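A quick write-up on the structure given underneath.
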Amino acid sequence: MDRELLIEAVKRQMPEKRYRHVAGVVDTAFVLAQRYGGDPDKAWLAALLHDYAKAWQTDRMERIIREQGLPPELLEYDKELWHAHVGAWAVREELGVEDEEVLDAVRYHTSGRENMTLLDRIVCLADYMEPSRAFPGVERIRELAETNLNEALVAGFDSTIVHLLEKGKTIFPLTVLARNDLVREIR
Ligand code: DGI
Ligand code: FE
Ligand code: FE
Ligand code: FE
């Protein structure tokens, strides 16, 4: 599918405001790919698709998780985690995306995972720091991202984990594994 058609397909899934975030992630991921030696075409595509299912109804996502063999333990954790896995399933199903690296970057963009690929890291970090993001600590993440991909990403996961702790929420195990893994790599 050509780029214009993909963009139109993504726009149809979400309100305009959410698409502005997606466009910010696309630009940021492209810059990060150039800075850190990632594949700019894959970064573009994974970033465009990363929130494909973000605005889908909760019951639709739940049904897909149950019926399409996605990890059932997702249902025991925050609903905010679901769109990443459902999105990876959906872009294969609906848009014919078969590139496993791109699908993984979509699938793990929220939680992270152990042994994140460079593409996983680029998309996840771009999602944290794209220009329209505003949360405590985002400036620090942008600064770190100038020179150190892994340190910036740890700062991102740390901010999410702190936020979840403050709200008394559960933490999906992959997020802890992702963070530990990156901390060990930095040392
Ligand atoms: O989809 P976006 O809003 O662009 O960003 P995202 O997919 O990174 O984040 C979705 C939200 O998921 C984020 O605000 C925090 C929330 N969340 C809930 N439980 C967890 C979690 N995020 C992570 N990484 N780990 C969790 O266990
Ligand atoms: Fe997301
Ligand atoms: Fe994220
Ligand atoms: Fe996002």
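Here's how to read the names in the structure tokens: chain A, B, ... by the order shown, residue numbers from 1 in each chain, ligand numbers from 1 in the order shown.
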
Inset, instruction - With only C-alpha atoms and all ligand atoms counted, collect every polymer residue having an atom within 8 Å of ligand 4; state the result as a VMD selection string. - result: chain A and resid 21 to 22 25 50 to 51 54 109 to 110 127 to 128

Atoms kept (C-alpha atoms) for selection, written as a PDB file, in the first residue's frame:
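To be explicit, this is the file written out as result_6.pdb:
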ATOM      1  CA  HIS A  21       0.044  13.082  17.946  1.00  0.00           C
ATOM      2  CA  VAL A  22       0.697  10.323  15.394  1.00  0.00           C
ATOM      3  CA  VAL A  25       5.607  10.576  16.437  1.00  0.00           C
ATOM      4  CA  HIS A  50       1.682   2.665  16.348  1.00  0.00           C
ATOM      5  CA  ASP A  51      -1.675   3.985  17.648  1.00  0.00           C
ATOM      6  CA  LYS A  54      -5.910   3.615  20.158  1.00  0.00           C
ATOM      7  CA  HIS A 109       5.359   0.553  21.877  1.00  0.00           C
ATOM      8  CA  THR A 110       3.421   0.970  25.135  1.00  0.00           C
ATOM      9  CA  ASP A 127       5.918   8.341  21.454  1.00  0.00           C
ATOM     10  CA  TYR A 128       7.156   9.786  24.762  1.00  0.00           C
TER      11      TYR A 128
END

Inset, instruction - Write out as a list of chain:residue names each polymer residue whose atoms come within 7 Å of stretch 32-49 of chain A, counting only C-alpha atoms; drop sequence neighbours fewer than 6 positions from it. - result: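 Contacts, with the query itself left out: A:Val10, A:Val22, A:Val25, A:Val26, A:Val102, A:Ala105, A:Val106, A:Leu118, A:Leu119, A:Ile122, A:Val123.
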
Inset, instruction - Tell me which of A:Leu182, A:Ile171, A:Leu75, A:Ala55 sits closest to ligand 2, counting only C-alpha atoms and all ligand atoms. - result: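 Between A:Leu182, A:Ile171, A:Leu75, A:Ala55, the residue approaching ligand 2 most closely is A:Ala55.
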
Inset, instruction - Please identify all polymer residues within 12 Å of A:Asn148, counting only C-alpha atoms, omitting same-chain residues fewer than 2 positions from it, and present them as a PyMOL selection string. - result: chain A and resi 32+35-36+121-122+125+140-146+150-155+182+185-186

Legend entry - Residue nearest ligand 3 among A:Gly156, A:Pro131, A:Pro136, A:Gly96 (counting only C-alpha atoms and all ligand atoms):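 The shortest atom-to-atom distance to ligand 3 comes from A:Gly156.
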
Inset, instruction - Return the single residue from A:Tyr52, A:Ile65, A:Glu101, A:Leu6 that is closest to A:Tyr19, with distances computed using only C-alpha atoms. - result: A:Tyr52

Legend entry - For A:Arg179: contacts at 7 Å, only C-alpha atoms, fewer than 4 positions along chain excluded, given as a VMD selection string: chain A and resid 154 157 175 183

Next, the residues of the selection above should be written as an mmCIF file, in the first residue's frame with C-alpha atoms.
data_model
loop_
_atom_site.group_PDB
_atom_site.id
_atom_site.type_symbol
_atom_site.label_atom_id
_atom_site.label_comp_id
_atom_site.auth_asym_id
_atom_site.auth_seq_id
_atom_site.Cartn_x
_atom_site.Cartn_y
_atom_site.Cartn_z
ATOM 1 C CA VAL A 154 14.775 4.734 30.808
ATOM 2 C CA PHE A 157 9.727 4.275 31.507
ATOM 3 C CA THR A 175 7.500 -2.674 31.450
ATOM 4 C CA VAL A 183 19.355 0.133 32.930
#

Legend entry - Those in stretch 106-173 of chain A with helix (DSSP H, G or I) from DSSP, as a PyMOL selection string: chain A and resi 106-107+118-129+138-147+149-166+173

Expected file contents, prior selection, C-alpha atoms, as a PDB file, in the first residue's frame:
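Okay, this is what ended up in selection.pdb:
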ATOM      1  CA  VAL A 106       3.731  -1.389  17.192  1.00  0.00           C
ATOM      2  CA  ARG A 107       2.986  -4.295  19.549  1.00  0.00           C
ATOM      3  CA  LEU A 118      16.464  -0.414  17.793  1.00  0.00           C
ATOM      4  CA  LEU A 119      13.153   0.111  16.002  1.00  0.00           C
ATOM      5  CA  ASP A 120      11.178  -0.713  19.194  1.00  0.00           C
ATOM      6  CA  ARG A 121      13.261   1.867  21.055  1.00  0.00           C
ATOM      7  CA  ILE A 122      12.889   4.561  18.436  1.00  0.00           C
ATOM      8  CA  VAL A 123       9.094   4.257  18.272  1.00  0.00           C
ATOM      9  CA  CYS A 124       8.639   4.024  22.032  1.00  0.00           C
ATOM     10  CA  LEU A 125      10.875   7.044  22.670  1.00  0.00           C
ATOM     11  CA  ALA A 126       9.288   9.080  19.871  1.00  0.00           C
ATOM     12  CA  ASP A 127       5.918   8.341  21.454  1.00  0.00           C
ATOM     13  CA  TYR A 128       7.156   9.786  24.762  1.00  0.00           C
ATOM     14  CA  MET A 129       8.767  12.923  23.389  1.00  0.00           C
ATOM     15  CA  VAL A 138       9.334  15.382  29.138  1.00  0.00           C
ATOM     16  CA  GLU A 139      11.942  18.144  28.651  1.00  0.00           C
ATOM     17  CA  ARG A 140      14.570  16.007  30.350  1.00  0.00           C
ATOM     18  CA  ILE A 141      13.666  13.080  28.077  1.00  0.00           C
ATOM     19  CA  ARG A 142      14.064  15.317  24.998  1.00  0.00           C
ATOM     20  CA  GLU A 143      17.457  16.509  26.247  1.00  0.00           C
ATOM     21  CA  LEU A 144      18.714  12.989  26.868  1.00  0.00           C
ATOM     22  CA  ALA A 145      17.425  11.897  23.465  1.00  0.00           C
ATOM     23  CA  GLU A 146      19.870  14.308  21.814  1.00  0.00           C
ATOM     24  CA  THR A 147      22.768  12.083  22.814  1.00  0.00           C
ATOM     25  CA  LEU A 149      18.704   6.782  23.254  1.00  0.00           C
ATOM     26  CA  ASN A 150      18.781   4.309  26.139  1.00  0.00           C
ATOM     27  CA  GLU A 151      19.010   6.891  28.912  1.00  0.00           C
ATOM     28  CA  ALA A 152      16.134   8.815  27.386  1.00  0.00           C
ATOM     29  CA  LEU A 153      14.040   5.672  27.182  1.00  0.00           C
ATOM     30  CA  VAL A 154      14.775   4.734  30.808  1.00  0.00           C
ATOM     31  CA  ALA A 155      13.678   8.235  31.819  1.00  0.00           C
ATOM     32  CA  GLY A 156      10.476   7.620  29.871  1.00  0.00           C
ATOM     33  CA  PHE A 157       9.727   4.275  31.507  1.00  0.00           C
ATOM     34  CA  ASP A 158      10.628   5.718  34.909  1.00  0.00           C
ATOM     35  CA  SER A 159       8.107   8.515  34.445  1.00  0.00           C
ATOM     36  CA  THR A 160       5.409   5.994  33.474  1.00  0.00           C
ATOM     37  CA  ILE A 161       6.222   3.696  36.399  1.00  0.00           C
ATOM     38  CA  VAL A 162       6.208   6.585  38.891  1.00  0.00           C
ATOM     39  CA  HIS A 163       2.889   7.777  37.473  1.00  0.00           C
ATOM     40  CA  LEU A 164       1.379   4.288  37.802  1.00  0.00           C
ATOM     41  CA  LEU A 165       2.693   3.944  41.372  1.00  0.00           C
ATOM     42  CA  GLU A 166       1.249   7.328  42.343  1.00  0.00           C
ATOM     43  CA  PRO A 173       5.594  -7.074  33.879  1.00  0.00           C
TER      44      PRO A 173
END

Inset, instruction - For A:Gln57, list every protein, DNA or RNA residue within 12 Å, evaluated using only C-alpha atoms, and leave out those in the same chain fewer than 5 positions away; present the list as number ranges by chain. - result: A: 13-14, 62-64, 79-80, 82-83, 86

Inset, instruction - Using only C-alpha atoms and all ligand atoms, pick whichever of A:His85, A:Lys169, A:Lys11, A:Arg66 has the shortest atom-to-atom distance to ligand 2. - result: A:His85

Inset, instruction - Return the single residue from A:Gln68, A:Thr117, A:Asn180, A:Ser111 that is closest to ligand 3, with distances computed using only C-alpha atoms and all ligand atoms. - result: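 Of A:Gln68, A:Thr117, A:Asn180, A:Ser111, the one nearest ligand 3 is A:Ser111, counting only C-alpha atoms and all ligand atoms.
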
Legend entry - For ligand 1, the nearest of the candidates A:Tyr108, A:Phe30, A:Tyr77, A:Phe172, counting only C-alpha atoms and all ligand atoms: A:Phe172

Inset, instruction - Would you mind listing what lies within 8 Å of A:Leu174 as a list in words, with only C-alpha atoms counted and same-chain residues fewer than 3 positions away left out? - result: Ser111, Gly112, Arg113, Glu114, Leu177 and Ala178 of chain A
